[in-house]
>>> print(open('input.txt').read())   # compact mmCIF, N, CA and C atoms
# COMPACT_ATOMS: atom_id res chain seq x y z
N MET A 1446 -135.05 1.60 -98.29
CA MET A 1446 -134.08 1.10 -99.24
C MET A 1446 -132.75 1.83 -99.02
N GLU A 1447 -131.68 1.07 -98.91
CA GLU A 1447 -130.35 1.64 -98.67
C GLU A 1447 -129.76 2.14 -99.99
N LYS A 1448 -129.18 3.35 -99.94
CA LYS A 1448 -128.56 3.93 -101.13
C LYS A 1448 -127.28 3.17 -101.47
N GLU A 1449 -127.13 2.76 -102.73
CA GLU A 1449 -125.92 2.05 -103.16
C GLU A 1449 -124.78 3.04 -103.35
N ALA A 1450 -123.62 2.71 -102.79
CA ALA A 1450 -122.44 3.57 -102.92
C ALA A 1450 -121.95 3.55 -104.36
N SER A 1451 -121.44 4.70 -104.80
CA SER A 1451 -121.00 4.82 -106.18
C SER A 1451 -119.52 5.20 -106.24
N LEU A 1452 -118.71 4.36 -106.89
CA LEU A 1452 -117.29 4.61 -107.06
C LEU A 1452 -117.10 5.54 -108.25
N SER A 1453 -116.23 6.54 -108.07
CA SER A 1453 -115.89 7.40 -109.19
C SER A 1453 -114.38 7.59 -109.24
N ILE A 1454 -113.85 7.70 -110.45
CA ILE A 1454 -112.42 7.98 -110.67
C ILE A 1454 -112.36 9.40 -111.22
N ARG A 1455 -111.67 10.27 -110.49
CA ARG A 1455 -111.59 11.68 -110.87
C ARG A 1455 -110.17 12.19 -110.73
N SER A 1456 -109.90 13.30 -111.39
CA SER A 1456 -108.59 13.95 -111.24
C SER A 1456 -108.45 14.47 -109.82
N ALA A 1457 -107.25 14.32 -109.27
CA ALA A 1457 -106.95 14.83 -107.95
C ALA A 1457 -106.25 16.19 -108.08
N THR A 1458 -106.41 17.04 -107.08
CA THR A 1458 -105.78 18.36 -107.07
C THR A 1458 -105.11 18.59 -105.72
N TRP A 1459 -104.48 19.74 -105.59
CA TRP A 1459 -103.82 20.09 -104.33
C TRP A 1459 -104.81 20.09 -103.17
N ARG A 1460 -106.07 20.26 -103.47
CA ARG A 1460 -107.08 20.25 -102.40
C ARG A 1460 -107.23 18.87 -101.76
N ASP A 1461 -106.69 17.85 -102.42
CA ASP A 1461 -106.76 16.48 -101.91
C ASP A 1461 -105.55 16.10 -101.05
N LEU A 1462 -104.69 17.07 -100.77
CA LEU A 1462 -103.44 16.78 -100.07
C LEU A 1462 -103.65 16.08 -98.73
N GLN A 1463 -104.57 16.55 -97.94
CA GLN A 1463 -104.79 15.95 -96.61
C GLN A 1463 -105.26 14.50 -96.72
N GLU A 1464 -106.21 14.24 -97.60
CA GLU A 1464 -106.70 12.86 -97.77
C GLU A 1464 -105.61 11.96 -98.36
N LEU A 1465 -104.83 12.50 -99.31
CA LEU A 1465 -103.75 11.71 -99.90
C LEU A 1465 -102.68 11.40 -98.86
N ASN A 1466 -102.37 12.36 -98.01
CA ASN A 1466 -101.39 12.14 -96.95
C ASN A 1466 -101.86 11.03 -96.01
N HIS A 1467 -103.14 11.03 -95.68
CA HIS A 1467 -103.70 9.97 -94.83
C HIS A 1467 -103.58 8.62 -95.53
N LEU A 1468 -104.00 8.56 -96.80
CA LEU A 1468 -103.94 7.31 -97.56
C LEU A 1468 -102.51 6.81 -97.64
N GLU A 1469 -101.57 7.70 -97.88
CA GLU A 1469 -100.15 7.34 -97.99
C GLU A 1469 -99.65 6.70 -96.69
N HIS A 1470 -100.01 7.29 -95.56
CA HIS A 1470 -99.56 6.76 -94.27
C HIS A 1470 -100.19 5.40 -93.95
N VAL A 1471 -101.43 5.22 -94.35
CA VAL A 1471 -102.12 3.96 -94.09
C VAL A 1471 -101.60 2.85 -95.02
N CYS A 1472 -101.35 3.19 -96.29
CA CYS A 1472 -100.98 2.17 -97.28
C CYS A 1472 -99.49 1.85 -97.30
N PHE A 1473 -98.64 2.83 -97.00
CA PHE A 1473 -97.20 2.66 -97.19
C PHE A 1473 -96.42 3.02 -95.93
N GLU A 1474 -96.61 2.30 -94.87
CA GLU A 1474 -95.96 2.61 -93.60
C GLU A 1474 -94.46 2.80 -93.75
N ARG A 1475 -93.81 1.88 -94.48
CA ARG A 1475 -92.35 1.93 -94.61
C ARG A 1475 -91.88 2.90 -95.68
N ASP A 1476 -92.73 3.22 -96.62
CA ASP A 1476 -92.32 4.01 -97.78
C ASP A 1476 -93.12 5.30 -97.94
N VAL A 1477 -93.54 5.89 -96.84
CA VAL A 1477 -94.36 7.09 -96.89
C VAL A 1477 -93.60 8.23 -97.57
N TRP A 1478 -94.25 8.87 -98.52
CA TRP A 1478 -93.66 10.03 -99.18
C TRP A 1478 -93.77 11.24 -98.26
N PRO A 1479 -92.76 12.09 -98.24
CA PRO A 1479 -92.87 13.35 -97.50
C PRO A 1479 -93.99 14.22 -98.08
N LEU A 1480 -94.55 15.07 -97.25
CA LEU A 1480 -95.65 15.94 -97.65
C LEU A 1480 -95.30 16.77 -98.90
N ILE A 1481 -94.07 17.24 -98.99
CA ILE A 1481 -93.66 18.06 -100.14
C ILE A 1481 -93.73 17.24 -101.44
N ASP A 1482 -93.39 15.95 -101.38
CA ASP A 1482 -93.49 15.09 -102.57
C ASP A 1482 -94.94 14.85 -102.96
N LEU A 1483 -95.80 14.69 -101.96
CA LEU A 1483 -97.23 14.52 -102.25
C LEU A 1483 -97.79 15.78 -102.90
N LEU A 1484 -97.39 16.93 -102.41
CA LEU A 1484 -97.83 18.19 -103.00
C LEU A 1484 -97.34 18.27 -104.45
N GLY A 1485 -96.11 17.82 -104.69
CA GLY A 1485 -95.57 17.81 -106.04
C GLY A 1485 -96.38 16.94 -106.99
N VAL A 1486 -96.71 15.74 -106.54
CA VAL A 1486 -97.48 14.83 -107.41
C VAL A 1486 -98.87 15.41 -107.71
N LEU A 1487 -99.37 16.24 -106.80
CA LEU A 1487 -100.69 16.84 -107.00
C LEU A 1487 -100.64 18.14 -107.82
N THR A 1488 -99.46 18.70 -108.03
CA THR A 1488 -99.39 20.01 -108.69
C THR A 1488 -98.45 20.09 -109.90
N PHE A 1489 -97.45 19.24 -110.01
CA PHE A 1489 -96.51 19.35 -111.13
C PHE A 1489 -97.24 19.18 -112.46
N PRO A 1490 -96.88 19.99 -113.45
CA PRO A 1490 -97.50 19.85 -114.76
C PRO A 1490 -97.16 18.51 -115.40
N GLY A 1491 -98.09 18.00 -116.20
CA GLY A 1491 -97.84 16.79 -116.95
C GLY A 1491 -98.05 15.49 -116.19
N MET A 1492 -98.40 15.58 -114.92
CA MET A 1492 -98.62 14.38 -114.12
C MET A 1492 -100.07 13.90 -114.30
N VAL A 1493 -100.25 12.59 -114.28
CA VAL A 1493 -101.58 12.01 -114.18
C VAL A 1493 -101.79 11.74 -112.70
N ARG A 1494 -102.83 12.29 -112.15
CA ARG A 1494 -103.15 12.10 -110.73
C ARG A 1494 -104.65 11.84 -110.60
N LEU A 1495 -104.96 10.64 -110.19
CA LEU A 1495 -106.35 10.21 -110.13
C LEU A 1495 -106.68 9.69 -108.75
N LYS A 1496 -107.88 9.99 -108.32
CA LYS A 1496 -108.35 9.46 -107.04
C LYS A 1496 -109.61 8.64 -107.28
N ALA A 1497 -109.73 7.60 -106.50
CA ALA A 1497 -110.96 6.81 -106.47
C ALA A 1497 -111.74 7.30 -105.26
N GLU A 1498 -112.98 7.68 -105.50
CA GLU A 1498 -113.82 8.18 -104.42
C GLU A 1498 -115.06 7.31 -104.28
N LEU A 1499 -115.44 7.12 -103.05
CA LEU A 1499 -116.68 6.41 -102.74
C LEU A 1499 -117.46 7.32 -101.80
N ASP A 1500 -118.59 7.79 -102.26
CA ASP A 1500 -119.41 8.73 -101.49
C ASP A 1500 -118.60 9.92 -100.98
N GLY A 1501 -117.75 10.48 -101.87
CA GLY A 1501 -116.99 11.67 -101.53
C GLY A 1501 -115.72 11.45 -100.73
N LYS A 1502 -115.40 10.20 -100.40
CA LYS A 1502 -114.20 9.88 -99.62
C LYS A 1502 -113.15 9.25 -100.54
N MET A 1503 -111.89 9.75 -100.44
CA MET A 1503 -110.81 9.16 -101.23
C MET A 1503 -110.46 7.80 -100.65
N ILE A 1504 -110.61 6.76 -101.50
CA ILE A 1504 -110.28 5.40 -101.04
C ILE A 1504 -109.09 4.82 -101.80
N GLY A 1505 -108.65 5.55 -102.84
CA GLY A 1505 -107.51 5.10 -103.62
C GLY A 1505 -106.91 6.25 -104.41
N PHE A 1506 -105.65 6.09 -104.79
CA PHE A 1506 -104.95 7.13 -105.54
C PHE A 1506 -103.90 6.48 -106.44
N ILE A 1507 -103.71 7.07 -107.62
CA ILE A 1507 -102.64 6.65 -108.51
C ILE A 1507 -101.99 7.90 -109.10
N GLY A 1508 -100.69 7.85 -109.22
CA GLY A 1508 -99.95 8.92 -109.87
C GLY A 1508 -99.09 8.34 -110.98
N GLY A 1509 -99.03 9.04 -112.09
CA GLY A 1509 -98.21 8.58 -113.21
C GLY A 1509 -97.60 9.75 -113.94
N GLU A 1510 -96.54 9.46 -114.65
CA GLU A 1510 -95.88 10.50 -115.44
C GLU A 1510 -95.32 9.88 -116.71
N THR A 1511 -95.17 10.72 -117.73
CA THR A 1511 -94.55 10.29 -118.98
C THR A 1511 -93.13 10.80 -118.99
N ARG A 1512 -92.22 9.92 -119.24
CA ARG A 1512 -90.82 10.30 -119.36
C ARG A 1512 -90.52 10.34 -120.85
N ASP A 1513 -90.58 11.56 -121.38
CA ASP A 1513 -90.51 11.76 -122.84
C ASP A 1513 -89.26 11.16 -123.46
N HIS A 1514 -88.12 11.29 -122.78
CA HIS A 1514 -86.89 10.74 -123.36
C HIS A 1514 -86.98 9.23 -123.53
N GLN A 1515 -87.83 8.57 -122.74
CA GLN A 1515 -88.02 7.13 -122.87
C GLN A 1515 -89.30 6.78 -123.63
N ARG A 1516 -90.15 7.78 -123.82
CA ARG A 1516 -91.47 7.55 -124.39
C ARG A 1516 -92.20 6.46 -123.62
N THR A 1517 -92.04 6.52 -122.33
CA THR A 1517 -92.56 5.50 -121.43
C THR A 1517 -93.36 6.17 -120.32
N GLY A 1518 -94.50 5.57 -119.98
CA GLY A 1518 -95.25 6.02 -118.83
C GLY A 1518 -94.77 5.28 -117.59
N TRP A 1519 -94.75 5.96 -116.48
CA TRP A 1519 -94.36 5.34 -115.21
C TRP A 1519 -95.48 5.55 -114.20
N ILE A 1520 -95.91 4.47 -113.60
CA ILE A 1520 -96.81 4.55 -112.45
C ILE A 1520 -95.90 4.79 -111.25
N ILE A 1521 -96.05 5.94 -110.61
CA ILE A 1521 -95.13 6.26 -109.51
C ILE A 1521 -95.71 5.94 -108.14
N THR A 1522 -97.02 5.81 -108.06
CA THR A 1522 -97.64 5.38 -106.81
C THR A 1522 -99.05 4.88 -107.10
N LEU A 1523 -99.45 3.89 -106.35
CA LEU A 1523 -100.81 3.35 -106.41
C LEU A 1523 -101.13 2.78 -105.04
N GLY A 1524 -102.18 3.30 -104.42
CA GLY A 1524 -102.59 2.80 -103.11
C GLY A 1524 -104.09 2.81 -102.97
N VAL A 1525 -104.60 1.79 -102.29
CA VAL A 1525 -106.02 1.67 -101.99
C VAL A 1525 -106.16 1.31 -100.52
N LEU A 1526 -107.06 1.98 -99.83
CA LEU A 1526 -107.27 1.68 -98.42
C LEU A 1526 -107.62 0.20 -98.25
N GLN A 1527 -107.12 -0.39 -97.20
CA GLN A 1527 -107.23 -1.83 -96.94
C GLN A 1527 -108.66 -2.36 -97.10
N GLU A 1528 -109.62 -1.66 -96.53
CA GLU A 1528 -110.99 -2.18 -96.54
C GLU A 1528 -111.66 -2.14 -97.92
N TYR A 1529 -111.00 -1.52 -98.90
CA TYR A 1529 -111.55 -1.45 -100.26
C TYR A 1529 -110.73 -2.25 -101.27
N ARG A 1530 -109.76 -3.00 -100.79
CA ARG A 1530 -108.93 -3.79 -101.69
C ARG A 1530 -109.69 -5.01 -102.18
N ARG A 1531 -109.23 -5.55 -103.31
CA ARG A 1531 -109.83 -6.73 -103.94
C ARG A 1531 -111.28 -6.49 -104.37
N GLN A 1532 -111.58 -5.22 -104.70
CA GLN A 1532 -112.92 -4.87 -105.17
C GLN A 1532 -112.85 -4.16 -106.53
N GLY A 1533 -111.68 -4.21 -107.19
CA GLY A 1533 -111.55 -3.63 -108.51
C GLY A 1533 -111.14 -2.16 -108.53
N VAL A 1534 -110.89 -1.57 -107.37
CA VAL A 1534 -110.53 -0.15 -107.30
C VAL A 1534 -109.17 0.09 -107.94
N ALA A 1535 -108.17 -0.71 -107.56
CA ALA A 1535 -106.82 -0.54 -108.11
C ALA A 1535 -106.83 -0.80 -109.62
N GLN A 1536 -107.57 -1.78 -110.07
CA GLN A 1536 -107.66 -2.06 -111.51
C GLN A 1536 -108.25 -0.88 -112.26
N ALA A 1537 -109.31 -0.29 -111.71
CA ALA A 1537 -109.95 0.86 -112.36
C ALA A 1537 -108.98 2.04 -112.42
N LEU A 1538 -108.27 2.29 -111.33
CA LEU A 1538 -107.29 3.38 -111.31
C LEU A 1538 -106.17 3.12 -112.32
N LEU A 1539 -105.68 1.90 -112.35
CA LEU A 1539 -104.58 1.55 -113.24
C LEU A 1539 -104.99 1.69 -114.71
N ARG A 1540 -106.16 1.18 -115.05
CA ARG A 1540 -106.65 1.29 -116.44
C ARG A 1540 -106.77 2.75 -116.87
N GLU A 1541 -107.36 3.57 -116.02
CA GLU A 1541 -107.56 4.98 -116.38
C GLU A 1541 -106.22 5.71 -116.48
N CYS A 1542 -105.30 5.42 -115.59
CA CYS A 1542 -103.98 6.05 -115.63
C CYS A 1542 -103.23 5.65 -116.90
N GLU A 1543 -103.26 4.37 -117.22
CA GLU A 1543 -102.60 3.89 -118.45
C GLU A 1543 -103.16 4.64 -119.66
N GLN A 1544 -104.47 4.80 -119.72
CA GLN A 1544 -105.11 5.49 -120.84
C GLN A 1544 -104.66 6.95 -120.90
N GLN A 1545 -104.63 7.63 -119.75
CA GLN A 1545 -104.27 9.05 -119.73
C GLN A 1545 -102.79 9.28 -119.99
N LEU A 1546 -101.94 8.30 -119.68
CA LEU A 1546 -100.51 8.46 -119.97
C LEU A 1546 -100.24 8.47 -121.47
N SER A 1547 -101.09 7.81 -122.24
CA SER A 1547 -101.00 7.80 -123.71
C SER A 1547 -99.62 7.39 -124.23
N THR A 1548 -99.05 6.36 -123.63
CA THR A 1548 -97.77 5.81 -124.11
C THR A 1548 -97.99 4.36 -124.50
N LYS A 1549 -97.07 3.83 -125.27
CA LYS A 1549 -97.17 2.43 -125.68
C LYS A 1549 -96.60 1.48 -124.65
N VAL A 1550 -95.79 2.03 -123.73
CA VAL A 1550 -95.17 1.23 -122.68
C VAL A 1550 -95.40 1.93 -121.34
N VAL A 1551 -95.80 1.15 -120.34
CA VAL A 1551 -95.96 1.66 -118.99
C VAL A 1551 -95.14 0.78 -118.06
N ARG A 1552 -94.40 1.42 -117.16
CA ARG A 1552 -93.58 0.70 -116.19
C ARG A 1552 -93.94 1.12 -114.77
N LEU A 1553 -93.54 0.28 -113.84
CA LEU A 1553 -93.70 0.58 -112.43
C LEU A 1553 -92.72 -0.27 -111.65
N CYS A 1554 -92.52 0.08 -110.39
CA CYS A 1554 -91.72 -0.80 -109.54
C CYS A 1554 -92.52 -1.12 -108.29
N VAL A 1555 -92.22 -2.29 -107.72
CA VAL A 1555 -92.98 -2.82 -106.59
C VAL A 1555 -92.03 -3.60 -105.69
N ARG A 1556 -92.28 -3.52 -104.39
CA ARG A 1556 -91.48 -4.32 -103.45
C ARG A 1556 -91.57 -5.79 -103.81
N ILE A 1557 -90.44 -6.47 -103.76
CA ILE A 1557 -90.39 -7.89 -104.12
C ILE A 1557 -91.27 -8.74 -103.19
N SER A 1558 -91.54 -8.22 -101.98
CA SER A 1558 -92.36 -8.97 -101.02
C SER A 1558 -93.85 -8.67 -101.15
N ASN A 1559 -94.24 -7.73 -101.98
CA ASN A 1559 -95.64 -7.32 -102.09
C ASN A 1559 -96.37 -8.22 -103.10
N GLU A 1560 -96.65 -9.44 -102.66
CA GLU A 1560 -97.24 -10.44 -103.54
C GLU A 1560 -98.61 -10.04 -104.07
N ALA A 1561 -99.42 -9.39 -103.24
CA ALA A 1561 -100.76 -8.99 -103.69
C ALA A 1561 -100.66 -8.01 -104.85
N ALA A 1562 -99.77 -7.02 -104.74
CA ALA A 1562 -99.61 -6.05 -105.82
C ALA A 1562 -99.01 -6.71 -107.06
N ILE A 1563 -98.03 -7.56 -106.87
CA ILE A 1563 -97.41 -8.25 -108.01
C ILE A 1563 -98.46 -9.07 -108.76
N ASN A 1564 -99.30 -9.78 -108.01
CA ASN A 1564 -100.37 -10.57 -108.65
C ASN A 1564 -101.34 -9.68 -109.42
N LEU A 1565 -101.68 -8.53 -108.85
CA LEU A 1565 -102.57 -7.59 -109.54
C LEU A 1565 -101.93 -7.13 -110.84
N TYR A 1566 -100.67 -6.72 -110.78
CA TYR A 1566 -100.00 -6.21 -111.98
C TYR A 1566 -99.87 -7.28 -113.06
N LYS A 1567 -99.56 -8.51 -112.66
CA LYS A 1567 -99.47 -9.59 -113.64
C LYS A 1567 -100.83 -9.84 -114.27
N LYS A 1568 -101.88 -9.81 -113.46
CA LYS A 1568 -103.24 -9.98 -113.97
C LYS A 1568 -103.58 -8.88 -114.98
N MET A 1569 -103.01 -7.68 -114.78
CA MET A 1569 -103.27 -6.54 -115.66
C MET A 1569 -102.31 -6.50 -116.85
N GLY A 1570 -101.46 -7.53 -117.01
CA GLY A 1570 -100.62 -7.63 -118.20
C GLY A 1570 -99.18 -7.17 -118.04
N TYR A 1571 -98.75 -6.90 -116.84
CA TYR A 1571 -97.36 -6.47 -116.61
C TYR A 1571 -96.45 -7.69 -116.48
N ILE A 1572 -95.22 -7.54 -116.98
CA ILE A 1572 -94.22 -8.60 -116.84
C ILE A 1572 -92.95 -7.99 -116.23
N GLN A 1573 -92.22 -8.82 -115.52
CA GLN A 1573 -90.97 -8.36 -114.89
C GLN A 1573 -89.89 -8.18 -115.95
N ILE A 1574 -89.20 -7.03 -115.88
CA ILE A 1574 -88.11 -6.79 -116.83
C ILE A 1574 -86.77 -6.56 -116.14
N GLU A 1575 -86.81 -6.29 -114.83
CA GLU A 1575 -85.58 -5.93 -114.14
C GLU A 1575 -85.79 -6.05 -112.64
N VAL A 1576 -84.67 -6.08 -111.90
CA VAL A 1576 -84.69 -5.99 -110.44
C VAL A 1576 -83.75 -4.86 -110.05
N TRP A 1577 -84.27 -3.95 -109.22
CA TRP A 1577 -83.42 -2.88 -108.68
C TRP A 1577 -83.03 -3.27 -107.27
N SER A 1578 -81.77 -3.56 -107.10
CA SER A 1578 -81.26 -4.04 -105.83
C SER A 1578 -81.34 -2.97 -104.74
N GLN A 1579 -81.85 -3.37 -103.60
CA GLN A 1579 -81.92 -2.53 -102.39
C GLN A 1579 -82.56 -1.17 -102.65
N TYR A 1580 -83.59 -1.14 -103.45
CA TYR A 1580 -84.26 0.10 -103.85
C TYR A 1580 -85.08 0.72 -102.72
N TYR A 1581 -85.74 -0.12 -101.95
CA TYR A 1581 -86.67 0.37 -100.94
C TYR A 1581 -86.01 0.53 -99.57
N GLN A 1582 -86.69 1.32 -98.75
CA GLN A 1582 -86.30 1.49 -97.35
C GLN A 1582 -86.09 0.11 -96.72
N GLY A 1583 -85.03 -0.05 -95.98
CA GLY A 1583 -84.74 -1.33 -95.36
C GLY A 1583 -83.95 -2.26 -96.27
N GLY A 1584 -83.63 -1.81 -97.48
CA GLY A 1584 -82.78 -2.58 -98.37
C GLY A 1584 -83.49 -3.61 -99.24
N GLU A 1585 -84.81 -3.58 -99.27
CA GLU A 1585 -85.54 -4.56 -100.08
C GLU A 1585 -85.44 -4.21 -101.56
N ASP A 1586 -85.35 -5.27 -102.38
CA ASP A 1586 -85.28 -5.09 -103.82
C ASP A 1586 -86.64 -4.68 -104.39
N ALA A 1587 -86.59 -4.03 -105.55
CA ALA A 1587 -87.80 -3.68 -106.30
C ALA A 1587 -87.82 -4.48 -107.60
N LEU A 1588 -88.98 -4.99 -107.93
CA LEU A 1588 -89.18 -5.57 -109.25
C LEU A 1588 -89.65 -4.43 -110.16
N VAL A 1589 -89.07 -4.35 -111.34
CA VAL A 1589 -89.52 -3.39 -112.35
C VAL A 1589 -90.39 -4.17 -113.32
N LEU A 1590 -91.63 -3.73 -113.46
CA LEU A 1590 -92.59 -4.40 -114.32
C LEU A 1590 -92.94 -3.49 -115.48
N GLU A 1591 -93.31 -4.10 -116.61
CA GLU A 1591 -93.60 -3.34 -117.81
C GLU A 1591 -94.81 -3.94 -118.51
N LYS A 1592 -95.58 -3.06 -119.14
CA LYS A 1592 -96.73 -3.50 -119.93
C LYS A 1592 -96.72 -2.75 -121.26
N HIS A 1593 -96.93 -3.48 -122.33
CA HIS A 1593 -97.08 -2.87 -123.65
C HIS A 1593 -98.56 -2.66 -123.89
N ILE A 1594 -98.92 -1.41 -124.12
CA ILE A 1594 -100.32 -1.04 -124.30
C ILE A 1594 -100.70 -1.24 -125.76
N VAL A 1595 -101.77 -1.95 -125.99
CA VAL A 1595 -102.21 -2.25 -127.35
C VAL A 1595 -103.09 -1.15 -127.88
>>> encode(input="input.txt", output="structure tokens")
Amino acid sequence: MEKEASLSIRSATWRDLQELNHLEHVCFERDVWPLIDLLGVLTFPGMVRLKAELDGKMIGFIGGETRDHQRTGWIITLGVLQEYRRQGVAQALLRECEQQLSTKVVRLCVRISNEAAINLYKKMGYIQIEVWSQYYQGGEDALVLEKHIV
């Protein structure tokens, strides 16, 4: 009998830097964060940093922060390895991050060309509130999406 793989969502730490760096390079070729920024997301106080693991391997990551002056949570990064997409991993990460941010409003930005991510966010209750012109590398616009948490 083959052992069934078990997905877990856990807090990430600085010890996950190497795996997060790999995930970042695989998921975001054009928008890879520098290593120092990845270390920051894994160590700065007040950040929500969650990893999705399957049999001890990081297959997804989400980072979020609360901007107190706005009383708004921001999803600052969300990535899932290609072979694990469309299996509910991003949804599980997003739900847990939203819960841990403990805000009534959560925002994020996404490349205007990233239809798969936009569809996921809309399915999860996000609506477009703004466009940031030429936000991304290469001059692509970002859609700013928002969700009101009930």
>>> closest_atom_pairs(input="input.txt", of="segment 1454-1492 of chain A", to="segment 1573-1586 of chain A", cutoff="10 Å", atoms="only C-alpha atoms", output="tab-separated table")
residue	atom	partner	partner_atom	distance
A:Arg1475	CA	A:Gln1582	CA	6.7
A:Asp1476	CA	A:Gln1582	CA	6.5
A:Val1477	CA	A:Gln1582	CA	9.8
>>> closest_residue(input="input.txt", among="A:Leu1468, A:Ala1537, A:Leu1495, A:Val1589", to="Arg1552 of chain A", atoms="all atoms listed in the file")
A:Val1589
>>> closest_residue(input="input.txt", among="A:Val1486, A:Ile1507, A:Leu1465, A:Val1595", to="Lys1549 of chain A", atoms="only C-alpha atoms")
A:Val1595
>>> closest_residue(input="input.txt", among="A:Glu1498, A:Glu1528, A:Asp1461, A:Asp1513", to="Leu1484 of chain A", atoms="only C-alpha atoms")
A:Asp1461
>>> closest_residue(input="input.txt", among="A:Thr1517, A:Gln1463, A:Thr1548, A:Ser1453", to="Lys1496 of chain A", atoms="only N, CA and C atoms")
A:Ser1453
>>> closest_residue(input="input.txt", among="A:Lys1567, A:Leu1452, A:Gln1545, A:His1470", to="Ala1497 of chain A", atoms="only N, CA and C atoms")
A:Leu1452
>>> atom_distance(input="input.txt", atom1="atom CA of Thr1458 of chain A", atom2="atom C of Leu1487 of chain A")
5.2 Å
>>> closest_residue(input="input.txt", among="A:Val1534, A:Leu1480, A:Gly1485, A:Lys1568", to="Gly1505 of chain A", atoms="all atoms listed in the file")
A:Val1534
>>> residues_around(input="input.txt", residues="segment 1525-1527 of chain A", least_positions_apart="4", cutoff="6.5 Å", atoms="all atoms listed in the file", output="list of chain:residue names")
A:Cys1472, A:Ile1504, A:Gly1505, A:Phe1506, A:Ala1535
>>> atom_distance(input="input.txt", atom1="atom CA of Ile1520 of chain A", atom2="atom CA of Val1551 of chain A")
7.2 Å
>>> residues_near_point(input="input.txt", point="(-91.3, -4.3, -107.6)", cutoff="8 Å", atoms="only C-alpha atoms", output="list in words")
Leu1553, Cys1554, Val1555, Arg1556, Ile1557, Asn1559, Ile1563, Val1576, Asp1586, Ala1587, Leu1588, Val1589 and Leu1590 of chain A
>>> select_by_dssp(input="input.txt", residues="segment 1467-1533 of chain A", states="strand (DSSP E)", output="tab-separated table (two decimals) with N, CA and C atoms, keeping the file's coordinate frame")
chain	number	residue	atom	x	y	z
A	1493	VAL	N	-100.25	12.59	-114.28
A	1493	VAL	CA	-101.58	12.01	-114.18
A	1493	VAL	C	-101.79	11.74	-112.70
A	1494	ARG	N	-102.83	12.29	-112.15
A	1494	ARG	CA	-103.15	12.10	-110.73
A	1494	ARG	C	-104.65	11.84	-110.60
A	1495	LEU	N	-104.96	10.64	-110.19
A	1495	LEU	CA	-106.35	10.21	-110.13
A	1495	LEU	C	-106.68	9.69	-108.75
A	1496	LYS	N	-107.88	9.99	-108.32
A	1496	LYS	CA	-108.35	9.46	-107.04
A	1496	LYS	C	-109.61	8.64	-107.28
A	1497	ALA	N	-109.73	7.60	-106.50
A	1497	ALA	CA	-110.96	6.81	-106.47
A	1497	ALA	C	-111.74	7.30	-105.26
A	1498	GLU	N	-112.98	7.68	-105.50
A	1498	GLU	CA	-113.82	8.18	-104.42
A	1498	GLU	C	-115.06	7.31	-104.28
A	1499	LEU	N	-115.44	7.12	-103.05
A	1499	LEU	CA	-116.68	6.41	-102.74
A	1499	LEU	C	-117.46	7.32	-101.80
A	1502	LYS	N	-115.40	10.20	-100.40
A	1502	LYS	CA	-114.20	9.88	-99.62
A	1502	LYS	C	-113.15	9.25	-100.54
A	1503	MET	N	-111.89	9.75	-100.44
A	1503	MET	CA	-110.81	9.16	-101.23
A	1503	MET	C	-110.46	7.80	-100.65
A	1504	ILE	N	-110.61	6.76	-101.50
A	1504	ILE	CA	-110.28	5.40	-101.04
A	1504	ILE	C	-109.09	4.82	-101.80
A	1505	GLY	N	-108.65	5.55	-102.84
A	1505	GLY	CA	-107.51	5.10	-103.62
A	1505	GLY	C	-106.91	6.25	-104.41
A	1506	PHE	N	-105.65	6.09	-104.79
A	1506	PHE	CA	-104.95	7.13	-105.54
A	1506	PHE	C	-103.90	6.48	-106.44
A	1507	ILE	N	-103.71	7.07	-107.62
A	1507	ILE	CA	-102.64	6.65	-108.51
A	1507	ILE	C	-101.99	7.90	-109.10
A	1508	GLY	N	-100.69	7.85	-109.22
A	1508	GLY	CA	-99.95	8.92	-109.87
A	1508	GLY	C	-99.09	8.34	-110.98
A	1509	GLY	N	-99.03	9.04	-112.09
A	1509	GLY	CA	-98.21	8.58	-113.21
A	1509	GLY	C	-97.60	9.75	-113.94
A	1510	GLU	N	-96.54	9.46	-114.65
A	1510	GLU	CA	-95.88	10.50	-115.44
A	1510	GLU	C	-95.32	9.88	-116.71
A	1511	THR	N	-95.17	10.72	-117.73
A	1511	THR	CA	-94.55	10.29	-118.98
A	1511	THR	C	-93.13	10.80	-118.99
A	1512	ARG	N	-92.22	9.92	-119.24
A	1512	ARG	CA	-90.82	10.30	-119.36
A	1512	ARG	C	-90.52	10.34	-120.85
A	1517	THR	N	-92.04	6.52	-122.33
A	1517	THR	CA	-92.56	5.50	-121.43
A	1517	THR	C	-93.36	6.17	-120.32
A	1518	GLY	N	-94.50	5.57	-119.98
A	1518	GLY	CA	-95.25	6.02	-118.83
A	1518	GLY	C	-94.77	5.28	-117.59
A	1519	TRP	N	-94.75	5.96	-116.48
A	1519	TRP	CA	-94.36	5.34	-115.21
A	1519	TRP	C	-95.48	5.55	-114.20
A	1520	ILE	N	-95.91	4.47	-113.60
A	1520	ILE	CA	-96.81	4.55	-112.45
A	1520	ILE	C	-95.90	4.79	-111.25
A	1521	ILE	N	-96.05	5.94	-110.61
A	1521	ILE	CA	-95.13	6.26	-109.51
A	1521	ILE	C	-95.71	5.94	-108.14
A	1522	THR	N	-97.02	5.81	-108.06
A	1522	THR	CA	-97.64	5.38	-106.81
A	1522	THR	C	-99.05	4.88	-107.10
A	1523	LEU	N	-99.45	3.89	-106.35
A	1523	LEU	CA	-100.81	3.35	-106.41
A	1523	LEU	C	-101.13	2.78	-105.04
A	1524	GLY	N	-102.18	3.30	-104.42
A	1524	GLY	CA	-102.59	2.80	-103.11
A	1524	GLY	C	-104.09	2.81	-102.97
A	1525	VAL	N	-104.60	1.79	-102.29
A	1525	VAL	CA	-106.02	1.67	-101.99
A	1525	VAL	C	-106.16	1.31	-100.52
